[in-house]
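Here's model-v8.txt, which has compact mmCIF, C-alpha atoms:
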# COMPACT_ATOMS: atom_id res chain seq x y z
CA VAL A 1 -93.27 80.25 -107.43
CA THR A 2 -91.41 82.40 -104.91
CA GLN A 3 -92.32 81.71 -101.29
CA PRO A 4 -93.47 84.76 -99.31
CA ALA A 5 -90.82 86.31 -97.07
CA TYR A 6 -92.46 85.18 -93.83
CA THR A 7 -91.72 81.54 -94.72
CA THR A 8 -88.04 82.03 -95.45
CA ASN A 9 -86.86 85.01 -93.42
CA GLY A 10 -86.33 83.81 -89.86
CA ALA A 11 -85.84 87.41 -88.72
CA THR A 12 -89.58 87.95 -89.18
CA TRP A 13 -90.14 85.63 -86.21
CA ALA A 14 -87.12 86.60 -84.10
CA ASN A 15 -89.01 88.36 -81.31
CA GLY A 16 -89.22 85.55 -78.75
CA TYR A 17 -90.49 82.87 -81.14
CA SER A 18 -88.74 79.50 -81.02
CA ALA A 19 -90.96 77.86 -83.67
CA VAL A 20 -93.74 78.98 -86.04
CA TYR A 21 -95.73 76.49 -88.12
CA HIS A 22 -97.91 78.10 -90.80
CA MET A 23 -98.98 74.66 -92.09
CA GLY A 24 -98.94 76.25 -95.52
CA SER A 25 -97.72 73.33 -97.62
CA SER A 26 -99.84 71.69 -100.31
CA SER A 27 -98.00 68.36 -100.48
CA GLY A 28 -95.23 66.35 -98.87
CA ARG A 29 -94.47 65.29 -95.32
CA THR A 30 -92.89 68.46 -93.91
CA ALA A 31 -94.41 71.34 -91.96
CA ILE A 32 -91.80 74.09 -92.14
CA ASP A 33 -90.78 76.05 -89.07
CA SER A 34 -90.62 79.66 -90.26
CA SER A 35 -88.45 80.80 -87.36
CA ALA A 36 -84.68 80.94 -87.77
CA ASN A 37 -84.42 77.70 -85.75
CA ARG A 38 -85.94 75.56 -88.52
CA PHE A 39 -87.44 72.97 -86.19
CA ASN A 40 -89.35 71.44 -89.11
CA ALA A 41 -92.01 68.82 -88.32
CA THR A 42 -92.73 65.54 -90.14
CA THR A 43 -96.08 63.88 -90.77
CA THR A 44 -96.91 60.21 -90.15
CA ASN A 45 -99.74 58.34 -91.94
CA MET A 46 -100.86 61.51 -93.72
CA LEU A 47 -101.47 61.90 -97.48
CA ASP A 48 -101.05 65.03 -99.57
CA SER A 49 -104.81 65.52 -99.31
CA ALA A 50 -104.35 66.29 -95.59
CA TRP A 51 -103.03 69.72 -96.62
CA MET A 52 -106.25 71.68 -97.15
CA ALA A 53 -107.77 75.11 -96.69
CA GLY A 54 -107.05 76.33 -93.18
CA LYS A 55 -107.69 79.50 -91.23
CA VAL A 56 -104.81 81.36 -92.90
CA GLY A 57 -103.92 79.80 -96.24
CA ASN A 58 -103.58 76.05 -95.90
CA GLY A 59 -103.82 73.98 -92.74
CA LEU A 60 -103.24 70.32 -91.88
CA SER A 61 -106.17 67.94 -91.39
CA PHE A 62 -105.91 65.09 -88.86
CA ASP A 63 -108.25 62.11 -89.31
CA GLY A 64 -108.71 61.10 -85.65
CA ILE A 65 -107.34 57.61 -86.36
CA ASP A 66 -103.56 57.53 -86.78
CA ASP A 67 -102.38 60.92 -88.10
CA LEU A 68 -99.45 62.63 -86.38
CA LEU A 69 -97.18 65.63 -86.94
CA ASP A 70 -93.95 65.42 -84.93
CA THR A 71 -91.39 68.22 -84.59
CA GLY A 72 -88.83 65.85 -83.06
CA THR A 73 -87.82 68.80 -80.88
CA TYR A 74 -87.95 68.59 -77.10
CA PRO A 75 -89.14 71.29 -74.67
CA SER A 76 -85.67 72.31 -73.48
CA ARG A 77 -84.50 72.98 -77.04
CA LEU A 78 -87.69 74.90 -77.79
CA GLY A 79 -86.97 77.04 -74.73
CA ILE A 80 -90.14 75.96 -72.92
CA GLY A 81 -88.71 73.26 -70.69
CA GLY A 82 -88.83 73.14 -66.92
CA SER A 83 -90.60 76.18 -65.48
CA HIS A 84 -89.55 78.52 -68.29
CA PRO A 85 -92.16 81.11 -69.34
CA ARG A 86 -93.92 80.38 -72.61
CA THR A 87 -96.84 81.14 -74.91
CA VAL A 88 -98.19 78.48 -77.29
CA SER A 89 -101.01 79.43 -79.63
CA VAL A 90 -102.83 77.53 -82.38
CA TRP A 91 -105.90 77.63 -84.60
CA ALA A 92 -108.09 74.50 -84.51
CA TYR A 93 -111.18 73.49 -86.47
CA THR A 94 -112.43 70.56 -84.41
CA ARG A 95 -114.77 67.95 -85.85
CA LYS A 96 -114.96 65.50 -82.95
CA PHE A 97 -114.44 65.58 -79.18
CA ASN A 98 -112.72 62.29 -78.35
CA SER A 99 -109.87 63.34 -76.00
CA GLY A 100 -107.54 63.73 -79.00
CA GLY A 101 -104.65 66.12 -78.55
CA ILE A 102 -104.15 69.33 -80.49
CA TYR A 103 -100.55 69.31 -79.25
CA GLU A 104 -98.47 67.73 -76.50
CA THR A 105 -94.95 67.72 -75.14
CA GLY A 106 -93.23 66.76 -71.88
CA ASN A 107 -94.11 63.66 -69.88
CA GLN A 108 -96.88 61.95 -67.95
CA GLY A 109 -95.36 62.91 -64.61
CA ASN A 110 -96.17 65.40 -61.90
CA PHE A 111 -96.51 68.82 -63.59
CA GLU A 112 -94.27 67.57 -66.45
CA PHE A 113 -96.83 67.73 -69.29
CA TRP A 114 -97.83 70.60 -71.58
CA VAL A 115 -100.93 69.57 -73.52
CA LEU A 116 -103.99 71.07 -75.18
CA ARG A 117 -106.61 68.46 -76.05
CA THR A 118 -110.26 67.87 -76.65
CA TYR A 119 -112.27 66.24 -73.88
CA ASP A 120 -114.84 63.45 -74.24
CA THR A 121 -117.75 65.91 -74.00
CA GLU A 122 -118.71 68.13 -76.93
CA ASN A 123 -117.14 71.61 -76.77
CA MET A 124 -115.16 70.75 -73.64
CA TRP A 125 -111.37 71.11 -73.58
CA ARG A 126 -108.52 70.33 -71.23
CA VAL A 127 -105.01 71.63 -70.74
CA ASN A 128 -102.99 68.82 -69.17
CA HIS A 129 -99.93 69.31 -66.95
CA TYR A 130 -100.34 65.92 -65.23
CA ASN A 131 -101.42 67.73 -62.11
CA GLY A 132 -103.29 71.00 -61.92
CA ASP A 133 -105.15 70.11 -65.13
CA MET A 134 -107.76 72.63 -66.24
CA ASN A 135 -111.05 71.86 -68.01
CA PHE A 136 -112.96 74.56 -69.85
CA THR A 137 -115.92 74.83 -72.17
CA TYR A 138 -115.67 76.73 -75.43
CA VAL A 139 -118.13 76.28 -78.29
CA ALA A 140 -115.89 75.42 -81.23
CA LYS A 141 -117.15 72.24 -82.86
CA THR A 142 -116.85 72.68 -86.65
CA ASN A 143 -115.76 76.27 -86.07
CA TRP A 144 -112.33 77.84 -86.05
CA ALA A 145 -111.01 78.83 -82.62
CA TYR A 146 -107.66 80.35 -81.62
CA PHE A 147 -106.30 78.90 -78.37
CA THR A 148 -103.41 80.31 -76.35
CA HIS A 149 -101.76 78.34 -73.51
CA TRP A 150 -99.60 80.63 -71.37
CA TYR A 151 -97.20 80.45 -68.41
CA ASP A 152 -95.08 83.16 -66.78
CA GLY A 153 -93.27 81.05 -64.17
CA SER A 154 -96.01 81.19 -61.56
CA VAL A 155 -99.37 81.48 -63.33
CA ILE A 156 -100.99 79.42 -66.13
CA LYS A 157 -103.56 81.11 -68.36
CA VAL A 158 -105.81 79.86 -71.13
CA PHE A 159 -107.21 82.15 -73.83
CA ALA A 160 -109.70 81.46 -76.62
CA ASP A 161 -110.06 83.85 -79.56
CA GLY A 162 -108.04 86.45 -77.69
CA ASP A 163 -110.10 86.40 -74.48
CA GLN A 164 -108.79 85.00 -71.19
CA LEU A 165 -110.89 82.07 -70.00
CA MET A 166 -108.97 80.57 -67.10
CA VAL A 167 -106.10 81.33 -64.75
CA ALA A 168 -104.40 79.18 -62.09
CA GLY A 169 -101.32 79.74 -59.98
CA THR A 170 -98.53 77.15 -59.76
CA ASN A 171 -94.77 77.26 -59.29
CA GLN A 172 -94.44 73.49 -59.78
CA LEU A 173 -94.53 73.27 -63.57
CA ASN A 174 -91.54 71.26 -64.80
CA THR A 175 -91.98 70.30 -68.46
CA THR A 176 -89.49 67.50 -69.19
CA ASP A 177 -87.82 66.08 -72.31
CA VAL A 178 -89.57 62.71 -72.63
CA TYR A 179 -91.92 63.49 -75.54
CA PRO A 180 -91.06 66.02 -78.26
CA PHE A 181 -93.54 68.67 -79.31
CA ARG A 182 -96.08 67.01 -81.59
CA PHE A 183 -99.54 67.59 -82.99
CA GLY A 184 -102.54 65.31 -83.33
CA GLN A 185 -102.48 62.99 -80.33
CA TYR A 186 -102.80 62.73 -76.58
CA VAL A 187 -100.52 59.90 -75.56
CA GLY A 188 -102.18 59.52 -72.15
CA LEU A 189 -105.27 57.97 -73.75
CA SER A 190 -103.72 57.06 -77.12
CA ALA A 191 -106.29 59.45 -78.59
CA ARG A 192 -105.83 61.07 -82.02
CA VAL A 193 -107.54 64.34 -82.84
CA ASP A 194 -110.11 64.80 -85.61
CA ALA A 195 -109.44 68.42 -86.58
CA ILE A 196 -107.69 70.85 -88.91
CA ILE A 197 -104.75 72.58 -87.24
CA ASP A 198 -103.19 75.82 -88.44
CA GLU A 199 -100.79 78.62 -87.43
CA CYS A 200 -99.07 77.26 -84.31
CA ARG A 201 -96.66 79.68 -82.67
CA ILE A 202 -94.34 78.74 -79.80
CA SER A 203 -92.76 81.58 -77.81
CA THR A 204 -90.22 81.55 -75.01
CA VAL A 205 -91.88 84.50 -73.29
CA ALA A 206 -95.25 85.05 -71.63
CA ARG A 207 -96.91 87.42 -74.10
CA SER A 208 -99.01 90.31 -72.81
CA THR A 209 -102.78 89.96 -72.92
CA ASN A 210 -102.84 92.74 -75.53
CA TRP A 211 -100.37 90.77 -77.65
CA VAL A 212 -102.57 87.65 -77.44
CA TRP A 213 -105.63 89.66 -78.44
CA ALA A 214 -103.85 91.44 -81.31
CA GLU A 215 -102.34 88.21 -82.62
CA HIS A 216 -105.79 86.66 -82.78
CA LEU A 217 -107.33 89.72 -84.40
CA SER A 218 -104.61 89.86 -87.08
CA MET A 219 -105.72 86.44 -88.35
CA GLU A 220 -109.45 86.71 -87.74
CA SER A 221 -112.04 87.54 -90.38
CA GLU A 222 -111.37 90.59 -92.50
CA ASN A 223 -114.96 91.74 -91.93
CA SER A 224 -113.88 94.50 -89.55
CA LEU A 225 -112.50 98.03 -89.57
CA ILE A 226 -108.72 97.54 -89.57
CA ARG A 227 -107.08 100.57 -91.21
CA CYS A 228 -107.17 104.21 -92.19
CA ASP A 229 -106.91 105.12 -95.87
CA SER A 230 -104.28 107.46 -97.32
CA VAL A 231 -103.50 110.55 -95.22
CA GLU A 232 -102.39 113.74 -96.95
CA GLU A 233 -101.08 115.49 -93.86
CA SER A 234 -98.43 114.32 -91.40
CA LEU A 235 -100.69 113.32 -88.50
CA ALA A 236 -103.15 110.48 -89.13
CA PRO A 237 -106.64 110.36 -87.67
CA SER A 238 -107.18 108.02 -84.72
CA ILE A 239 -110.05 105.54 -84.76
CA ARG A 240 -111.12 103.22 -81.94
CA ILE A 241 -112.43 100.06 -83.61
CA GLY A 242 -115.36 98.06 -82.27
CA GLU A 243 -116.64 94.63 -83.16
CA LEU A 244 -119.11 93.76 -85.87
CA GLN A 245 -122.40 92.36 -84.59
CA GLY A 246 -125.29 90.67 -86.33
CA LEU A 247 -123.33 90.10 -89.53
CA ALA A 248 -125.71 88.96 -92.29
CA ALA A 249 -125.80 89.01 -96.08
CA ALA A 250 -127.43 92.44 -96.27
CA SER A 251 -126.87 94.08 -92.89
CA VAL A 252 -124.48 94.50 -89.99
CA SER A 253 -124.16 96.60 -86.83
CA PHE A 254 -120.89 98.06 -85.62
CA GLN A 255 -119.48 100.79 -83.44
CA ALA A 256 -116.31 102.80 -83.97
CA ASP A 257 -115.16 106.10 -82.47
CA LEU A 258 -113.23 108.85 -84.27
CA ILE A 259 -110.88 109.83 -81.42
CA SER A 260 -108.95 112.48 -83.31
CA THR A 261 -109.01 113.92 -86.83
CA GLY A 262 -105.25 114.39 -86.74
CA SER A 263 -103.95 117.34 -88.77
CA ALA A 264 -106.25 116.92 -91.77
CA PRO A 265 -109.98 117.22 -92.47
CA THR A 266 -111.30 113.69 -92.11
CA THR A 267 -114.16 111.81 -93.67
CA VAL A 268 -115.04 108.27 -92.60
CA PHE A 269 -116.43 105.95 -95.29
CA VAL A 270 -117.99 102.56 -94.64
CA CYS A 271 -117.80 100.19 -97.61
CA TRP A 272 -120.06 97.12 -97.80
CA GLY A 273 -119.33 94.19 -100.07
CA GLU A 274 -116.44 93.44 -102.41

Please express what this file holds, its structure, as structure tokens.
Amino acid sequence: VTQPAYTTNGATWANGYSAVYHMGSSSGRTAIDSSANRFNATTTNMLDSAWMAGKVGNGLSFDGIDDLLDTGTYPSRLGIGGSHPRTVSVWAYTRKFNSGGIYETGNQGNFEFWVLRTYDTENMWRVNHYNGDMNFTYVAKTNWAYFTHWYDGSVIKVFADGDQLMVAGTNQLNTTDVYPFRFGQYVGLSARVDAIIDECRISTVARSTNWVWAEHLSMESENSLIRCDSVEESLAPSIRIGELQGLAAASVSFQADLISTGSAPTTVFVCWGE
């Protein structure tokens, strides 16, 4: 079986990405980094059965007891050390809120940590920096959610499913090289996460809010208007796409605007079902 190009061609992820983990394996102990850096991660205490259906293809399931995925790569080498700008995003399907970490790196020192973890209250989350920590509520138990943890050198932002939830200013962030980037635990409380993790992307730039939104949308449900069909003339029609609402087995509501018909007569079709 030939692997798809995105898993082998590092150039696909050359635009500011230092590591990309699709979690697409079906066996073995390695989560491949699809960037050109090849910062592959290694599992601990995890069986082949931990590779299971994720948000996009396969994901990796953590049992909340002793599972760990360790990149062995420290913040400075990932390009997110010190006060360097960064964007870290990940899909998580969380089964239990027990303070377990989705990911962590840095150190338990003043502004030296970079952590996303569950809290001990259902649907509550925390980003830890070991000072200036931020708690937020987002309903995601036994549901997929796409989290983005962002820093531009002076401001920290947290997004969920493409929407900004929190923002806080700080110029004191100093992520250090004590713990490598790893998934599945929060060392501060020795807490392991009970969740499926998928599609983690680590960037050395602070992505625009539109980028964060578009990245989420590109992996979200396909039950939305996402393309125009074939265009016979040179100028394509322009459609502003809205969100689906009230999605059910036999009905749905949506809104979309035909901004321009381009240079060809245009008909809009809505297809329901397979």

Considering all atoms listed in the file, tabulate each residue of segment 119-201 of chain A that lies at most 8 Å from segment 48-68 of chain A along with its nearest interatomic pair and the corresponding distance in Å to one decimal; arrange the rows by chain and ascending residue number and present them as CSV.
residue,atom,partner,partner_atom,distance
A:Trp144,CA,A:Lys55,CA,7.1
A:Arg182,CA,A:Leu68,CA,7.3
A:Phe183,CA,A:Leu68,CA,6.0
A:Gly184,CA,A:Leu68,CA,5.1
A:Gln185,CA,A:Leu68,CA,6.8
A:Ala191,CA,A:Gly64,CA,7.6
A:Arg192,CA,A:Gly64,CA,4.6
A:Val193,CA,A:Gly64,CA,4.4
A:Asp194,CA,A:Gly64,CA,4.0
A:Ala195,CA,A:Phe62,CA,5.4
A:Ile196,CA,A:Ser61,CA,4.1
A:Ile197,CA,A:Leu60,CA,5.4
A:Asp198,CA,A:Gly59,CA,4.7
A:Glu199,CA,A:Val56,CA,7.3

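Computed from the coordinates, the atom CA of Tyr130 of chain A to atom CA of Ile32 of chain A distance equals 29.4 Å.
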
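Here atom CA of Ile102 of chain A and atom CA of Arg126 of chain A stand 10.3 Å from one another.
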
Exercise. Nearest to Thr43 of chain A: which of A:Arg201, A:Arg95, A:Arg29, A:Arg207 is it, counting all atoms listed in the file?
Worked result: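 Of A:Arg201, A:Arg95, A:Arg29, A:Arg207, the one nearest Thr43 of chain A is A:Arg29, counting all atoms listed in the file.
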
Exercise. What does the distance from atom CA of Ala160 of chain A to atom CA of Tyr138 of chain A come to in Å, to one decimal?
Worked result: 7.7 Å

Problem set entry | Residue list as an MDAnalysis selection string for point (-93.8, 89.8, -73.0), cut-off 12 Å, all atoms listed in the file | chainID A and resid 15:17 85:87 150:152 203:212

Problem set entry | Counting only C-alpha atoms, the option among A:Ser83, A:Asn131, A:Ser190, A:Thr137 closest to Thr176 of chain A |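 When distances to Thr176 of chain A are compared using only C-alpha atoms, the smallest one comes from A:Ser83.
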
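Distance check against Thr170 of chain A using all atoms listed in the file: of A:Glu104, A:Asp120, A:Phe111, A:Gly28, the minimum falls on A:Phe111.
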
For this session: Within 6 Å of Ala19 of chain A, counting all atoms listed in the file, which residues show up once you throw out same-chain ones fewer than 6 positions away? Write them as a list in words, please.
Result: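 Here the qualifying residues turn out to be Asp33, Ser35 and Ile202 of chain A.
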
Export C-alpha atoms of the chosen residues as a PDB file, in the coordinates of the input?
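Output (result-v2.pdb):
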ATOM      1  CA  ASP A  33     -90.780  76.050 -89.070  1.00  0.00           C
ATOM      2  CA  SER A  35     -88.450  80.800 -87.360  1.00  0.00           C
ATOM      3  CA  ILE A 202     -94.340  78.740 -79.800  1.00  0.00           C
TER       4      ILE A 202
END

Seminar exercise, completed: Ser26 of chain A proximity check over A:Leu47, A:Gly109, A:Asp70, A:Ala140, using all atoms listed in the file: winner is A:Leu47

Complete segment 110-130 of chain A at the level of N, CA, C and O atoms, written as a compact mmCIF listing (two decimals), in the coordinates of the input.
# COMPACT_ATOMS: atom_id res chain seq x y z
N ASN A 110 -95.63 64.31 -62.69
CA ASN A 110 -96.17 65.40 -61.90
C ASN A 110 -95.76 66.77 -62.44
O ASN A 110 -94.58 67.14 -62.38
N PHE A 111 -96.71 67.50 -63.01
CA PHE A 111 -96.51 68.82 -63.59
C PHE A 111 -95.49 68.82 -64.74
O PHE A 111 -94.91 69.86 -65.06
N GLU A 112 -95.27 67.67 -65.39
CA GLU A 112 -94.27 67.57 -66.45
C GLU A 112 -94.85 67.66 -67.86
O GLU A 112 -94.10 67.66 -68.84
N PHE A 113 -96.18 67.74 -67.98
CA PHE A 113 -96.83 67.73 -69.29
C PHE A 113 -97.22 69.15 -69.70
O PHE A 113 -97.47 70.03 -68.86
N TRP A 114 -97.32 69.34 -71.02
CA TRP A 114 -97.83 70.60 -71.58
C TRP A 114 -98.69 70.21 -72.77
O TRP A 114 -98.20 69.93 -73.84
N VAL A 115 -100.00 70.17 -72.56
CA VAL A 115 -100.93 69.57 -73.52
C VAL A 115 -102.18 70.44 -73.67
O VAL A 115 -102.71 70.95 -72.68
N LEU A 116 -102.65 70.58 -74.91
CA LEU A 116 -103.99 71.07 -75.18
C LEU A 116 -104.72 69.97 -75.92
O LEU A 116 -104.24 69.48 -76.95
N ARG A 117 -105.89 69.55 -75.39
CA ARG A 117 -106.61 68.46 -76.05
C ARG A 117 -108.11 68.67 -75.93
O ARG A 117 -108.60 69.44 -75.10
N THR A 118 -108.82 67.94 -76.79
CA THR A 118 -110.26 67.87 -76.65
C THR A 118 -110.59 66.98 -75.46
O THR A 118 -109.75 66.18 -75.01
N TYR A 119 -111.80 67.11 -74.94
CA TYR A 119 -112.27 66.24 -73.88
C TYR A 119 -113.30 65.30 -74.49
O TYR A 119 -113.55 65.32 -75.69
N ASP A 120 -113.89 64.43 -73.69
CA ASP A 120 -114.84 63.45 -74.24
C ASP A 120 -116.28 63.96 -74.22
O ASP A 120 -117.22 63.21 -74.44
N THR A 121 -116.44 65.26 -73.97
CA THR A 121 -117.75 65.91 -74.00
C THR A 121 -117.70 67.03 -75.03
O THR A 121 -116.72 67.78 -75.08
N GLU A 122 -118.71 67.16 -75.85
CA GLU A 122 -118.71 68.13 -76.93
C GLU A 122 -118.46 69.55 -76.41
O GLU A 122 -119.06 69.99 -75.43
N ASN A 123 -117.53 70.23 -77.07
CA ASN A 123 -117.14 71.61 -76.77
C ASN A 123 -116.47 71.77 -75.41
O ASN A 123 -116.39 72.88 -74.87
N MET A 124 -115.95 70.67 -74.86
CA MET A 124 -115.16 70.75 -73.64
C MET A 124 -113.70 70.46 -73.98
O MET A 124 -113.40 69.58 -74.77
N TRP A 125 -112.80 71.18 -73.32
CA TRP A 125 -111.37 71.11 -73.58
C TRP A 125 -110.61 70.89 -72.27
O TRP A 125 -111.13 71.14 -71.19
N ARG A 126 -109.37 70.47 -72.41
CA ARG A 126 -108.52 70.33 -71.23
C ARG A 126 -107.09 70.72 -71.57
O ARG A 126 -106.57 70.34 -72.63
N VAL A 127 -106.46 71.47 -70.69
CA VAL A 127 -105.01 71.63 -70.74
C VAL A 127 -104.45 70.73 -69.65
O VAL A 127 -104.83 70.82 -68.48
N ASN A 128 -103.57 69.81 -70.07
CA ASN A 128 -102.99 68.82 -69.17
C ASN A 128 -101.58 69.23 -68.76
O ASN A 128 -100.76 69.59 -69.61
N HIS A 129 -101.29 69.13 -67.46
CA HIS A 129 -99.93 69.31 -66.95
C HIS A 129 -99.55 68.11 -66.09
O HIS A 129 -98.51 68.08 -65.49
N TYR A 130 -100.44 67.13 -66.06
CA TYR A 130 -100.34 65.92 -65.23
C TYR A 130 -100.32 66.26 -63.75
O TYR A 130 -99.65 65.64 -62.94
